[in-house]
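Visitor: If it helps, the file is called structure.cif and holds mmCIF, C-alpha atoms and all ligand atoms:
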data_start
loop_
_atom_site.label_atom_id
_atom_site.label_comp_id
_atom_site.auth_asym_id
_atom_site.auth_seq_id
_atom_site.Cartn_x
_atom_site.Cartn_y
_atom_site.Cartn_z
CA MET A 1 18.99 16.88 12.83
CA PRO A 2 16.59 18.42 10.31
CA SER A 3 12.91 17.60 10.20
CA TYR A 4 11.67 15.63 7.25
CA PHE A 5 8.68 14.00 5.61
CA THR A 6 8.60 10.48 4.30
CA SER A 7 5.82 9.36 2.01
CA ALA A 8 4.64 6.20 0.26
CA PRO A 9 1.67 5.24 -1.91
CA GLY A 10 -1.12 2.71 -1.50
CA LYS A 11 -1.66 -0.04 -4.05
CA VAL A 12 -4.40 -1.43 -6.19
CA ILE A 13 -4.59 -4.89 -7.73
CA LEU A 14 -5.27 -4.35 -11.43
CA PHE A 15 -5.61 -8.00 -12.48
CA GLY A 16 -5.16 -11.46 -11.02
CA GLU A 17 -6.57 -11.36 -7.47
CA HIS A 18 -7.51 -14.85 -6.22
CA ALA A 19 -5.72 -16.49 -9.17
CA VAL A 20 -2.47 -15.36 -7.53
CA VAL A 21 -3.25 -17.69 -4.61
CA TYR A 22 -2.98 -20.56 -7.16
CA SER A 23 0.43 -19.36 -8.38
CA LYS A 24 -0.92 -17.40 -11.34
CA VAL A 25 0.43 -13.96 -12.21
CA ALA A 26 -1.19 -10.82 -10.76
CA THR A 27 -0.62 -7.18 -11.67
CA ALA A 28 -0.70 -4.32 -9.16
CA GLY A 29 0.01 -0.59 -9.37
CA SER A 30 0.87 2.23 -6.96
CA LEU A 31 -1.83 4.77 -6.18
CA GLY A 32 -1.69 8.56 -6.22
CA LEU A 33 -3.20 8.26 -2.73
CA ARG A 34 -0.38 8.25 -0.19
CA SER A 35 0.54 8.28 3.49
CA TYR A 36 2.82 11.00 4.85
CA ASN A 37 5.01 10.87 7.94
CA LEU A 38 6.52 13.92 9.66
CA VAL A 39 9.64 13.11 11.72
CA GLN A 40 11.08 15.69 14.10
CA GLU A 41 13.66 15.62 16.82
CA ARG A 42 12.61 16.65 20.32
CA THR A 43 14.72 17.57 23.29
CA ASP A 44 13.10 15.54 26.08
CA GLY A 45 14.19 12.00 25.08
CA ALA A 46 10.62 10.92 24.36
CA ILE A 47 9.06 9.17 21.36
CA GLU A 48 5.68 10.68 20.61
CA VAL A 49 3.35 9.25 18.00
CA ASN A 50 0.39 11.05 16.45
CA PHE A 51 -1.57 8.70 14.20
CA PRO A 52 -5.03 10.26 13.89
CA ASP A 53 -6.22 7.73 11.26
CA VAL A 54 -6.08 5.01 13.93
CA GLN A 55 -6.85 7.36 16.86
CA LEU A 56 -3.46 7.01 18.50
CA VAL A 57 -1.58 9.70 20.39
CA ARG A 58 1.02 8.30 22.76
CA THR A 59 4.39 9.13 24.33
CA TRP A 60 7.07 6.72 25.56
CA ARG A 61 10.52 7.34 27.03
CA SER A 62 13.01 6.44 24.32
CA SER A 63 15.36 4.73 26.79
CA ASP A 64 12.53 2.39 27.93
CA ILE A 65 12.04 0.89 24.47
CA PRO A 66 13.65 -2.58 24.23
CA ARG A 67 16.60 -2.64 21.83
CA GLN A 68 18.21 -5.38 19.76
CA ALA A 69 21.94 -5.96 19.71
CA ARG A 70 23.63 -5.88 16.25
CA TRP A 71 22.85 -9.03 14.25
CA GLU A 72 24.39 -10.91 11.35
CA GLY A 73 23.40 -9.30 8.09
CA TYR A 74 23.02 -5.78 9.51
CA PRO A 75 21.61 -3.41 8.20
CA TYR A 76 19.37 -5.90 6.37
CA PRO A 77 16.67 -7.34 8.63
CA PRO A 78 16.97 -10.83 10.08
CA SER A 79 15.18 -13.38 7.88
CA THR A 80 12.62 -14.39 10.48
CA MET A 81 10.34 -12.15 12.47
CA ASN A 82 11.17 -11.87 16.16
CA THR A 83 7.82 -12.88 17.66
CA GLU A 84 9.19 -12.60 21.20
CA LEU A 85 10.01 -8.95 20.58
CA VAL A 86 6.54 -8.39 19.09
CA ASP A 87 4.98 -9.83 22.27
CA GLN A 88 7.28 -7.75 24.45
CA LEU A 89 6.45 -4.57 22.53
CA THR A 90 2.74 -5.35 22.55
CA LYS A 91 2.90 -5.41 26.36
CA PHE A 92 5.14 -2.34 26.37
CA VAL A 93 2.79 -0.16 24.32
CA ASP A 94 0.08 -1.01 26.82
CA LEU A 95 -2.85 -0.69 24.43
CA ALA A 96 -5.61 -3.25 24.04
CA GLU A 97 -4.09 -6.06 21.98
CA HIS A 98 -4.96 -6.74 18.32
CA THR A 99 -6.28 -3.33 17.46
CA ASN A 100 -5.39 -0.94 14.65
CA ARG A 101 -3.71 1.29 17.22
CA SER A 102 -1.55 -1.35 18.85
CA HIS A 103 -0.43 -2.82 15.50
CA ALA A 104 0.59 0.62 14.27
CA ALA A 105 2.53 1.35 17.47
CA VAL A 106 4.24 -2.04 17.69
CA ALA A 107 5.33 -1.87 14.03
CA LEU A 108 7.08 1.47 14.67
CA LEU A 109 8.75 0.34 17.88
CA TYR A 110 9.84 -2.94 16.25
CA LEU A 111 11.81 -1.03 13.62
CA HIS A 112 13.07 1.36 16.29
CA SER A 113 14.34 -1.57 18.40
CA TYR A 114 16.37 -2.96 15.53
CA LEU A 115 17.59 0.13 13.81
CA SER A 116 18.27 2.77 16.44
CA THR A 117 21.82 3.78 17.14
CA ASP A 118 22.76 4.73 20.74
CA GLU A 119 22.52 8.36 19.78
CA ILE A 120 19.04 8.01 18.29
CA ALA A 121 17.84 5.85 21.15
CA SER A 122 18.83 8.52 23.68
CA SER A 123 17.20 11.34 21.69
CA GLY A 124 13.52 11.98 21.28
CA TYR A 125 11.39 12.06 18.15
CA ASP A 126 7.88 12.84 17.00
CA PHE A 127 6.40 10.55 14.39
CA SER A 128 3.14 11.82 12.90
CA VAL A 129 1.32 10.04 10.08
CA ARG A 130 -1.61 11.11 7.97
CA SER A 131 -2.98 9.22 5.00
CA ASP A 132 -5.15 9.82 1.93
CA LEU A 133 -6.03 6.13 2.06
CA PRO A 134 -8.99 4.57 3.82
CA VAL A 135 -7.67 2.14 6.46
CA GLY A 136 -8.65 -1.50 5.95
CA ALA A 137 -10.25 -1.16 2.48
CA GLY A 138 -7.70 -3.28 0.60
CA LEU A 139 -5.83 -0.28 -0.84
CA GLY A 140 -2.61 -1.01 1.01
CA SER A 141 -2.81 1.56 3.82
CA SER A 142 -0.75 -0.72 6.05
CA ALA A 143 1.98 -1.10 3.42
CA SER A 144 2.15 2.62 2.75
CA TYR A 145 2.32 3.22 6.50
CA SER A 146 5.05 0.55 6.82
CA VAL A 147 7.11 2.00 3.95
CA CYS A 148 6.84 5.48 5.51
CA LEU A 149 8.14 4.08 8.81
CA ALA A 150 10.95 2.06 7.23
CA THR A 151 12.11 5.06 5.19
CA ALA A 152 11.95 7.29 8.26
CA LEU A 153 13.85 4.94 10.58
CA LEU A 154 16.51 4.15 7.97
CA GLN A 155 16.98 7.84 7.22
CA LEU A 156 17.10 8.73 10.91
CA ASN A 157 19.77 6.14 11.56
CA GLY A 158 21.93 7.13 8.63
CA HIS A 159 21.29 4.24 6.26
CA LEU A 160 20.00 6.27 3.34
CA SER A 161 22.36 8.39 1.26
CA SER A 162 24.62 8.93 4.25
CA SER A 163 28.16 7.99 5.20
CA ILE A 164 27.21 4.50 6.40
CA THR A 165 25.75 3.52 3.07
CA ALA A 166 28.03 5.71 0.99
CA GLY A 167 28.49 3.97 -2.31
CA TRP A 168 25.19 2.10 -2.10
CA THR A 169 23.13 2.39 -5.23
CA VAL A 170 19.63 3.80 -5.18
CA ALA A 171 18.36 0.30 -5.98
CA GLU A 172 20.15 -1.11 -2.91
CA GLN A 173 18.72 1.61 -0.67
CA ARG A 174 15.26 0.94 -2.12
CA ASP A 175 15.67 -2.75 -1.43
CA LEU A 176 16.64 -1.98 2.17
CA VAL A 177 13.51 0.15 2.61
CA ASN A 178 11.38 -2.59 1.08
CA GLN A 179 12.83 -5.30 3.32
CA TRP A 180 12.24 -3.28 6.48
CA ALA A 181 8.75 -2.29 5.35
CA PHE A 182 8.05 -6.01 4.92
CA GLN A 183 9.07 -6.51 8.57
CA ALA A 184 6.58 -3.85 9.66
CA GLU A 185 3.91 -5.47 7.44
CA LYS A 186 4.62 -8.80 9.14
CA VAL A 187 4.13 -7.19 12.55
CA ILE A 188 0.79 -5.77 11.40
CA HIS A 189 -0.46 -8.76 9.35
CA GLY A 190 1.37 -11.94 10.32
CA ASN A 191 1.94 -13.42 6.89
CA PRO A 192 1.71 -10.86 4.07
CA SER A 193 2.73 -11.75 0.52
CA GLY A 194 5.06 -8.77 0.14
CA ILE A 195 3.33 -7.38 -2.92
CA ASP A 196 1.84 -4.34 -1.15
CA ASN A 197 5.11 -3.10 0.37
CA THR A 198 6.97 -3.77 -2.88
CA VAL A 199 4.51 -1.72 -4.96
CA SER A 200 4.54 1.00 -2.34
CA THR A 201 8.34 1.18 -2.24
CA LEU A 202 8.97 0.93 -5.99
CA GLY A 203 5.93 2.79 -7.34
CA GLY A 204 4.83 2.12 -10.94
CA ALA A 205 3.27 -1.28 -11.58
CA VAL A 206 4.51 -4.78 -10.89
CA MET A 207 3.90 -8.37 -11.93
CA PHE A 208 3.68 -10.81 -9.09
CA LYS A 209 3.75 -14.60 -8.81
CA LYS A 210 3.88 -16.56 -5.56
CA GLY A 211 7.38 -17.67 -4.67
CA GLU A 212 8.99 -15.59 -7.41
CA LYS A 213 10.68 -12.22 -7.28
CA ILE A 214 8.23 -9.37 -7.87
CA LYS A 215 9.22 -7.59 -11.08
CA PRO A 216 8.33 -4.14 -12.39
CA LEU A 217 5.92 -4.12 -15.32
CA PRO A 218 8.05 -2.75 -18.15
CA GLY A 219 6.63 0.16 -20.15
CA PHE A 220 3.73 0.74 -17.78
CA GLN A 221 2.01 4.05 -18.49
CA SER A 222 0.24 5.94 -15.74
CA LEU A 223 -3.54 5.42 -15.86
CA ARG A 224 -6.42 7.29 -14.28
CA PHE A 225 -8.99 5.47 -12.16
CA LEU A 226 -11.96 6.19 -10.00
CA LEU A 227 -11.77 3.98 -6.93
CA THR A 228 -15.03 3.23 -5.20
CA ASN A 229 -15.08 2.01 -1.64
CA THR A 230 -18.47 0.33 -1.27
CA ARG A 231 -17.98 0.43 2.51
CA VAL A 232 -19.25 -3.17 2.67
CA PRO A 233 -16.76 -4.89 4.97
CA ARG A 234 -15.08 -7.97 3.58
CA GLU A 235 -12.63 -10.44 4.92
CA THR A 236 -9.92 -11.54 2.56
CA GLN A 237 -9.59 -14.93 4.28
CA VAL A 238 -13.32 -15.69 3.89
CA GLN A 239 -13.31 -14.84 0.17
CA VAL A 240 -10.15 -16.86 -0.42
CA ALA A 241 -11.70 -19.83 1.44
CA ASN A 242 -14.90 -19.61 -0.64
CA VAL A 243 -12.93 -19.74 -3.88
CA ARG A 244 -10.97 -22.70 -2.49
CA LYS A 245 -14.22 -24.59 -1.81
CA LEU A 246 -15.46 -23.96 -5.36
CA HIS A 247 -12.09 -25.00 -6.75
CA ASP A 248 -12.04 -28.24 -4.78
CA LYS A 249 -15.61 -29.06 -5.81
CA PHE A 250 -15.21 -28.28 -9.53
CA PRO A 251 -11.49 -28.31 -10.32
CA ASN A 252 -12.05 -28.90 -14.04
CA ILE A 253 -14.22 -25.80 -14.24
CA VAL A 254 -12.34 -23.50 -11.85
CA ASN A 255 -8.79 -24.27 -13.03
CA PRO A 256 -9.44 -23.02 -16.58
CA MET A 257 -10.96 -19.87 -15.08
CA LEU A 258 -7.82 -19.28 -13.02
CA ASP A 259 -5.73 -19.92 -16.14
CA ALA A 260 -7.83 -17.38 -18.01
CA ILE A 261 -7.20 -14.80 -15.28
CA HIS A 262 -3.49 -15.55 -15.54
CA GLU A 263 -3.71 -14.82 -19.29
CA ILE A 264 -5.27 -11.44 -18.51
CA SER A 265 -2.15 -10.41 -16.56
CA VAL A 266 0.02 -11.76 -19.37
CA SER A 267 -2.04 -9.78 -21.91
CA CYS A 268 -1.65 -6.67 -19.76
CA GLU A 269 2.12 -7.11 -19.76
CA GLU A 270 2.11 -7.59 -23.55
CA LEU A 271 -0.05 -4.52 -23.99
CA PHE A 272 2.43 -2.22 -22.25
CA SER A 273 5.43 -3.77 -23.91
CA GLN A 274 4.16 -3.14 -27.46
CA PRO A 275 6.38 -0.37 -28.80
CA GLY A 276 4.53 2.66 -30.14
CA LEU A 277 1.05 1.35 -29.31
CA ASP A 278 -1.43 4.19 -29.67
CA ARG A 279 -2.62 5.31 -26.18
CA SER A 280 -6.30 5.30 -27.11
CA HIS A 281 -5.99 1.74 -28.42
CA LEU A 282 -4.12 0.74 -25.25
CA LEU A 283 -6.90 2.14 -23.06
CA THR A 284 -9.58 0.35 -25.07
CA ARG A 285 -7.76 -2.96 -24.72
CA PHE A 286 -7.12 -2.34 -21.02
CA GLY A 287 -10.84 -1.65 -20.50
CA GLU A 288 -11.72 -4.92 -22.22
CA LEU A 289 -9.37 -6.81 -19.89
CA VAL A 290 -11.05 -5.06 -16.92
CA ASP A 291 -14.44 -6.36 -18.11
CA VAL A 292 -13.28 -9.92 -18.69
CA ASN A 293 -11.45 -10.11 -15.36
CA HIS A 294 -14.52 -8.93 -13.46
CA GLY A 295 -16.67 -11.51 -15.26
CA LEU A 296 -14.33 -14.30 -14.20
CA LEU A 297 -14.20 -13.05 -10.60
CA THR A 298 -18.00 -12.99 -10.53
CA ALA A 299 -18.02 -16.58 -11.78
CA LEU A 300 -15.66 -17.44 -8.91
CA GLY A 301 -18.33 -16.08 -6.55
CA VAL A 302 -16.45 -13.10 -5.12
CA SER A 303 -18.59 -10.27 -6.43
CA HIS A 304 -21.34 -8.67 -4.36
CA PRO A 305 -24.51 -6.69 -5.22
CA VAL A 306 -22.75 -3.42 -4.32
CA LEU A 307 -19.89 -4.23 -6.70
CA GLU A 308 -22.40 -5.03 -9.45
CA LYS A 309 -24.05 -1.68 -8.67
CA VAL A 310 -20.72 0.09 -9.32
CA ARG A 311 -20.43 -1.78 -12.64
CA GLU A 312 -23.98 -0.97 -13.62
CA ILE A 313 -23.67 2.77 -12.85
CA SER A 314 -20.31 3.16 -14.56
CA SER A 315 -21.27 1.11 -17.63
CA ARG A 316 -24.35 3.35 -18.09
CA ILE A 317 -21.80 6.09 -18.81
CA GLY A 318 -19.61 3.82 -20.90
CA LEU A 319 -16.93 3.20 -18.26
CA LYS A 320 -15.35 -0.16 -17.41
CA SER A 321 -15.12 -1.35 -13.79
CA LYS A 322 -14.02 -4.40 -11.85
CA LEU A 323 -13.76 -5.37 -8.24
CA THR A 324 -10.25 -5.10 -6.85
CA GLY A 325 -8.74 -7.15 -4.03
CA ALA A 326 -10.61 -9.89 -2.25
CA GLY A 327 -14.15 -8.88 -3.31
CA GLY A 328 -17.34 -9.67 -1.40
CA GLY A 329 -17.55 -5.89 -0.78
CA GLY A 330 -14.53 -3.61 -0.45
CA CYS A 331 -13.41 -1.64 -3.47
CA ALA A 332 -13.95 -1.44 -7.21
CA LEU A 333 -11.85 0.35 -9.79
CA THR A 334 -13.19 2.21 -12.82
CA LEU A 335 -10.90 3.08 -15.70
CA ILE A 336 -11.11 6.75 -16.69
CA ARG A 337 -9.95 7.03 -20.27
CA ASP A 338 -8.05 10.20 -21.23
CA ASP A 339 -11.01 11.39 -23.33
CA VAL A 340 -13.55 11.21 -20.47
CA SER A 341 -14.64 14.74 -19.56
CA PRO A 342 -14.51 16.13 -16.00
CA GLU A 343 -18.32 16.47 -16.18
CA THR A 344 -18.69 12.75 -16.88
CA VAL A 345 -16.41 11.88 -13.97
CA ALA A 346 -18.38 14.23 -11.72
CA GLU A 347 -21.64 12.60 -12.84
CA VAL A 348 -20.50 9.06 -12.20
CA LYS A 349 -19.14 10.11 -8.79
CA ARG A 350 -22.44 11.76 -7.94
CA LEU A 351 -24.37 8.60 -8.83
CA LEU A 352 -22.02 6.36 -6.87
CA GLU A 353 -21.95 8.62 -3.82
CA ALA A 354 -25.74 8.69 -3.87
CA GLU A 355 -25.51 4.93 -3.18
CA GLY A 356 -23.48 5.69 -0.04
CA PHE A 357 -20.14 4.74 -1.64
CA GLN A 358 -16.89 6.68 -1.16
CA CYS A 359 -15.20 7.72 -4.43
CA MET A 360 -11.52 8.59 -4.89
CA GLU A 361 -10.08 9.76 -8.19
CA THR A 362 -6.44 8.79 -8.57
CA GLN A 363 -3.61 7.99 -10.92
CA VAL A 364 -2.10 4.51 -10.88
CA GLY A 365 1.60 4.03 -11.58
CA GLY A 366 3.22 7.04 -9.88
CA HIS A 367 6.17 7.45 -7.52
CA GLY A 368 7.08 5.01 -4.76
CA ALA A 369 8.73 5.86 -1.42
CA GLY A 370 10.02 9.41 -1.05
CA ILE A 371 11.77 11.76 1.40
CA LEU A 372 11.60 15.51 1.71
CA THR A 373 13.86 17.44 4.09
CA LEU A 374 12.20 20.49 5.61
CA GLU A 375 13.99 23.79 5.92
CA GLN A 376 11.98 24.76 8.99
CA PRO A 377 10.43 22.58 11.69
CA MET A 378 6.66 22.23 11.31
CA SER A 379 4.10 21.92 14.05
CA ILE A 380 2.22 18.64 14.17
CA GLU A 381 -1.04 20.58 13.96
CA GLU A 382 0.08 22.25 10.75
CA PHE A 383 1.28 18.94 9.28
CA LEU A 384 -2.00 17.22 10.04
CA SER A 385 -4.01 20.11 8.62
CA HIS A 386 -2.38 19.91 5.17
CA ASP A 387 -4.17 18.13 2.36
CA LYS A 388 -3.00 16.04 -0.58
CA ALA A 389 -2.49 19.09 -2.79
CA TYR A 390 -0.02 20.61 -0.33
CA PHE A 391 2.23 17.54 -0.36
CA GLU A 392 1.99 17.20 -4.13
CA ALA A 393 2.88 20.82 -4.83
CA ALA A 394 5.76 21.14 -7.24
CA THR A 395 7.66 23.42 -4.87
CA HIS A 396 8.19 20.40 -2.65
CA ASN A 397 11.39 18.88 -3.75
CA TRP A 398 10.80 15.20 -3.01
CA THR A 399 13.55 12.64 -3.51
CA TYR A 400 12.37 9.22 -4.68
CA PHE A 401 14.33 5.97 -4.85
CA GLU A 402 14.18 5.83 -8.63
N1 LIG A 501 -2.55 6.19 8.50
C1 LIG A 501 -2.21 5.22 9.36
N2 LIG A 501 -1.74 5.51 10.58
C2 LIG A 501 -1.37 4.53 11.42
N3 LIG A 501 -1.49 3.21 11.14
C3 LIG A 501 -1.95 2.86 9.95
C4 LIG A 501 -2.34 3.84 9.00
N4 LIG A 501 -2.79 3.20 7.90
C5 LIG A 501 -2.69 1.87 8.15
N5 LIG A 501 -2.19 1.66 9.39
C6 LIG A 501 -1.91 0.35 10.00
O1 LIG A 501 -2.28 -0.65 9.05
C7 LIG A 501 -3.44 -1.40 9.49
C8 LIG A 501 -4.42 -1.56 8.35
O2 LIG A 501 -4.12 -2.70 7.64
P1 LIG A 501 -5.23 -3.46 6.75
O3 LIG A 501 -6.41 -3.79 7.60
O4 LIG A 501 -4.56 -4.55 6.03
O5 LIG A 501 -5.71 -2.37 5.75
P2 LIG A 501 -5.29 -2.07 4.25
O6 LIG A 501 -6.06 -3.05 3.43
O7 LIG A 501 -5.77 -0.67 4.07
O8 LIG A 501 -3.81 -2.22 4.17
C9 LIG A 501 -4.03 -0.57 10.62
O9 LIG A 501 -4.63 -1.45 11.56
C10 LIG A 501 -2.81 0.13 11.22
O10 LIG A 501 -2.14 -0.73 12.13
C1 LIG A 502 -7.70 -12.31 -2.90
C2 LIG A 502 -6.22 -12.00 -2.88
O1 LIG A 502 -5.66 -12.46 -4.10
C3 LIG A 502 -5.96 -10.51 -2.80
C4 LIG A 502 -6.54 -9.87 -1.57
O2 LIG A 502 -6.35 -8.49 -1.63
P1 LIG A 502 -6.81 -7.47 -0.47
O3 LIG A 502 -6.69 -8.19 0.85
O4 LIG A 502 -8.22 -7.11 -0.77
O5 LIG A 502 -5.85 -6.36 -0.64
C5 LIG A 502 -5.61 -12.76 -1.72
C6 LIG A 502 -4.09 -12.84 -1.73
O6 LIG A 502 -3.46 -12.61 -2.78
O7 LIG A 502 -3.54 -13.19 -0.69
#
Before anything else, please render the file you have as structure tokens.
Ligand SMILES: Nc1ncnc2c1ncn2[C@@H]1O[C@H](COP(=O)(O)OP(=O)(O)O)[C@@H](O)[C@H]1O
Ligand SMILES: C[C@@](O)(CCOP(=O)(O)O)CC(=O)O
Guide:
Amino acid sequence: MPSYFTSAPGKVILFGEHAVVYSKVATAGSLGLRSYNLVQERTDGAIEVNFPDVQLVRTWRSSDIPRQARWEGYPYPPSTMNTELVDQLTKFVDLAEHTNRSHAAVALLYLHSYLSTDEIASSGYDFSVRSDLPVGAGLGSSASYSVCLATALLQLNGHLSSSITAGWTVAEQRDLVNQWAFQAEKVIHGNPSGIDNTVSTLGGAVMFKKGEKIKPLPGFQSLRFLLTNTRVPRETQVQVANVRKLHDKFPNIVNPMLDAIHEISVSCEELFSQPGLDRSHLLTRFGELVDVNHGLLTALGVSHPVLEKVREISSRIGLKSKLTGAGGGGCALTLIRDDVSPETVAEVKRLLEAEGFQCMETQVGGHGAGILTLEQPMSIEEFLSHDKAYFEAATHNWTYFE
């Protein structure tokens, strides 16, 4: 059994946060910031996890992990989450409940319980994960972690490009990864929408409407952004509830605002589907949509002084920013047009970091889930010491589900 890496990106909501709760369309894209998982066989029948981003190092005996019998629909996941198994695994991992660490561990063991063959269950494996993404900042770290796990477990158990799934299309394999990643997301979050794991699995950009199938945004061109984590903690539920209160108080005012946000996503889709549209013109129009969307979100009450600070600093240099995700703190995105010089980017970063913010430059719209088989085993220490550039290097022959 060779060693391999799996990898998956984070996500950013480009347009339509909050409006999506009211069944309007939202647009999200995959980030160049990714999580990476090293999977290696070991000889002692143990499962060892090394997840430094959530301070978890733990070993269990493989044969002690509860396992599920084959179910109808195999290898697709059952339609409902097995809450009994989640409870059982939460006790099994023996970590304080409801922490980052226990969620990460239970999500892995949940997939292991369902997917492991007898052979895999009696062997031992190391799972090590490192991420470029800040955890809990609304950039989809949990989805990218979940997609890494789903890809790893499906690969390990022969469901990806192996004899069991021989004849399956890439799209079917990608769908399988996405469905299992959604299971892991459910273990971590309870009731996620599915947009984060879908963007992370597919890559590129997607259009999303509640209750409808998430569809790729046709013609999307990769864009460059500066992401700013204001480090002000925010709770999605609180922001969503505040917008709900405003909506219920002034429906005739708030509904047209939500409709206007919907039209921004529609305009974004139209922008990318215009054949032969000049890139510079596209970026100008995109920047205008960024501005309008932020204005509407501010009117909905979900901005915050730190987010306005990001807008003020970036607009001084002629750049367009908006909050992304729930708002009330969290992250903002700033569009970096192709003609913006590296000096300008460095200057805006310097100004933002001087406010105590964390800045991350990244592309939006790149690859989704990927696998890379290693020719030689790699020590966990070496894996964890590598940076983004190492994993991105062209010599690494990643396979993506595209
Ligand atoms: N690099 C990682 N290693 C292990 N677990 C991770 C990692 N990144 C995310 N997670 C899991 O995902 C959870 C974070 O989810 P969440 O708070 O929704 O943040 P985000 O908005 O970044 O997705 C963590 O509590 C942990 O269980
Ligand atoms: C505000 C909302 O539209 C997006 C929240 O995004 P995040 O939790 O910041 O990634 C809520 C939702 O769609 O469930």
Visitor: Write out as a short mmCIF file (atom, residue, chain, number, x, y, z; two decimals) with C-alpha atoms, in the frame of the given file each polymer residue (protein, DNA or RNA) that has an atom no more than 6 Å from ligand LIG 501 (chain A), with all atoms listed in the file counted.
Guide:
data_model
loop_
_atom_site.label_atom_id
_atom_site.label_comp_id
_atom_site.auth_asym_id
_atom_site.auth_seq_id
_atom_site.Cartn_x
_atom_site.Cartn_y
_atom_site.Cartn_z
CA PHE A 51 -1.57 8.70 14.20
CA ASP A 53 -6.22 7.73 11.26
CA VAL A 54 -6.08 5.01 13.93
CA ASN A 100 -5.39 -0.94 14.65
CA ARG A 101 -3.71 1.29 17.22
CA HIS A 103 -0.43 -2.82 15.50
CA ALA A 104 0.59 0.62 14.27
CA VAL A 129 1.32 10.04 10.08
CA ARG A 130 -1.61 11.11 7.97
CA SER A 131 -2.98 9.22 5.00
CA VAL A 135 -7.67 2.14 6.46
CA GLY A 136 -8.65 -1.50 5.95
CA ALA A 137 -10.25 -1.16 2.48
CA GLY A 138 -7.70 -3.28 0.60
CA LEU A 139 -5.83 -0.28 -0.84
CA GLY A 140 -2.61 -1.01 1.01
CA SER A 141 -2.81 1.56 3.82
CA SER A 142 -0.75 -0.72 6.05
CA ALA A 143 1.98 -1.10 3.42
CA TYR A 145 2.32 3.22 6.50
CA ILE A 188 0.79 -5.77 11.40
#
Visitor: Considering all atoms listed in the file, give me a table of residues in region 261-379 of chain A that are at most 6 Å from region 201-205 of chain A, with the closest atom pair and distance in Å for each, as JSON lines.
Guide:
{"residue": "A:Gly365", "atom": "CA", "partner": "A:Gly204", "partner_atom": "CA", "distance": 3.8}
{"residue": "A:Gly366", "atom": "CA", "partner": "A:Gly204", "partner_atom": "CA", "distance": 5.3}
{"residue": "A:His367", "atom": "CA", "partner": "A:Gly203", "partner_atom": "CA", "distance": 4.7}
{"residue": "A:Gly368", "atom": "CA", "partner": "A:Gly203", "partner_atom": "CA", "distance": 3.6}
{"residue": "A:Ala369", "atom": "CA", "partner": "A:Thr201", "partner_atom": "CA", "distance": 4.8}
Visitor: Could I get the residue neighbourhood of ligand LIG 502 (chain A) at 10 Å, counting only C-alpha atoms and all ligand atoms, as JSON, numbers by chain?
Guide: {"A": [11, 12, 13, 15, 16, 17, 18, 19, 20, 21, 22, 23, 24, 26, 136, 137, 138, 139, 140, 141, 191, 192, 193, 194, 195, 196, 208, 209, 210, 234, 235, 236, 237, 238, 239, 240, 241, 243, 302, 323, 324, 325, 326, 327, 328, 329, 330, 331]}
Visitor: For Asn178 (chain A), which residue out of A:Ala8, A:Val290, A:Ile261, A:Met360 is the nearest one, using only C-alpha atoms?
Guide: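 Of all the options, A:Ala8 lies closest to Asn178 (chain A).
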Visitor: Of the candidates A:Leu282, A:Val39, A:Val364, A:Ala393, which one gets nearest to Ser379 (chain A) if we count only C-alpha atoms?
Guide: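 Nearest to Ser379 (chain A): A:Val39.
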Visitor: Find the residues around region 155-158 of chain A up to 12 Å (only C-alpha atoms counted), leave out those fewer than 3 positions away in its own chain, and share them as a PyMOL selection string.
Guide: chain A and resi 1-6+38-41+75+111-121+123-127+147-152+161-166+173-174+176-177+370-373
Visitor: Counting all atoms listed in the file, write as a list in words all protein and nucleic acid residues lying at most 7 Å from (6.7, -1.5, 12.3) in the file's frame.
Guide: Ala104, Val106, Ala107, Leu108, Leu109, Tyr110, Leu111, Ser146, Leu149, Gln183, Ala184, Glu185 and Val187 of chain A
Visitor: Smallest atom-to-atom distance to Gly295 (chain A): which of A:Ala69, A:Ala28, A:Ile47, A:Met257, using all atoms listed in the file?
Guide: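 Ranked by minimum distance to Gly295 (chain A), first place goes to A:Met257.
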Visitor: For a quick check of understanding, using only C-alpha atoms, which of A:Val93, A:Met81, A:Val86, A:Leu333 has the smallest distance to Trp60 (chain A)?
Guide: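 Of all the options, A:Val93 lies closest to Trp60 (chain A).
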Visitor: Specify the axis-aligned box that encloses all atoms of region 308-316 of chain A listed in the file after padding of 5 Å on each side, stating its centre and edge lengths in Å to one decimal as lines of an AutoDock Vina configuration file.
Guide:
center_x = -22.3
center_y = -0.8
center_z = -13.4
size_x = 14.0
size_y = 18.4
size_z = 19.4
Visitor: What is the distance, in Å and to one decimal place, between CA of Leu227 (chain A) and CA of Ile336 (chain A)?
Guide: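 Value for the CA of Leu227 (chain A)-CA of Ile336 (chain A) distance: 10.2 Å.
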Visitor: In Å, rounded to a single decimal, give me how far CA of Leu31 (chain A) is from CA of Lys388 (chain A).
Guide: 12.6 Å
Visitor: Between CA of Arg337 (chain A) and CA of His281 (chain A), measure the distance and give it in Å to one decimal.
Guide: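 We find that CA of Arg337 (chain A) and CA of His281 (chain A) lie 10.5 Å from each other.
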Visitor: Around the point (-18.5, 11.0, -24.1) (coordinates from the file), which residues reach within 10 Å if we count all atoms listed in the file? Answer as a ChimeraX atom specification.
Guide: /A:317-319,339-341,343-344
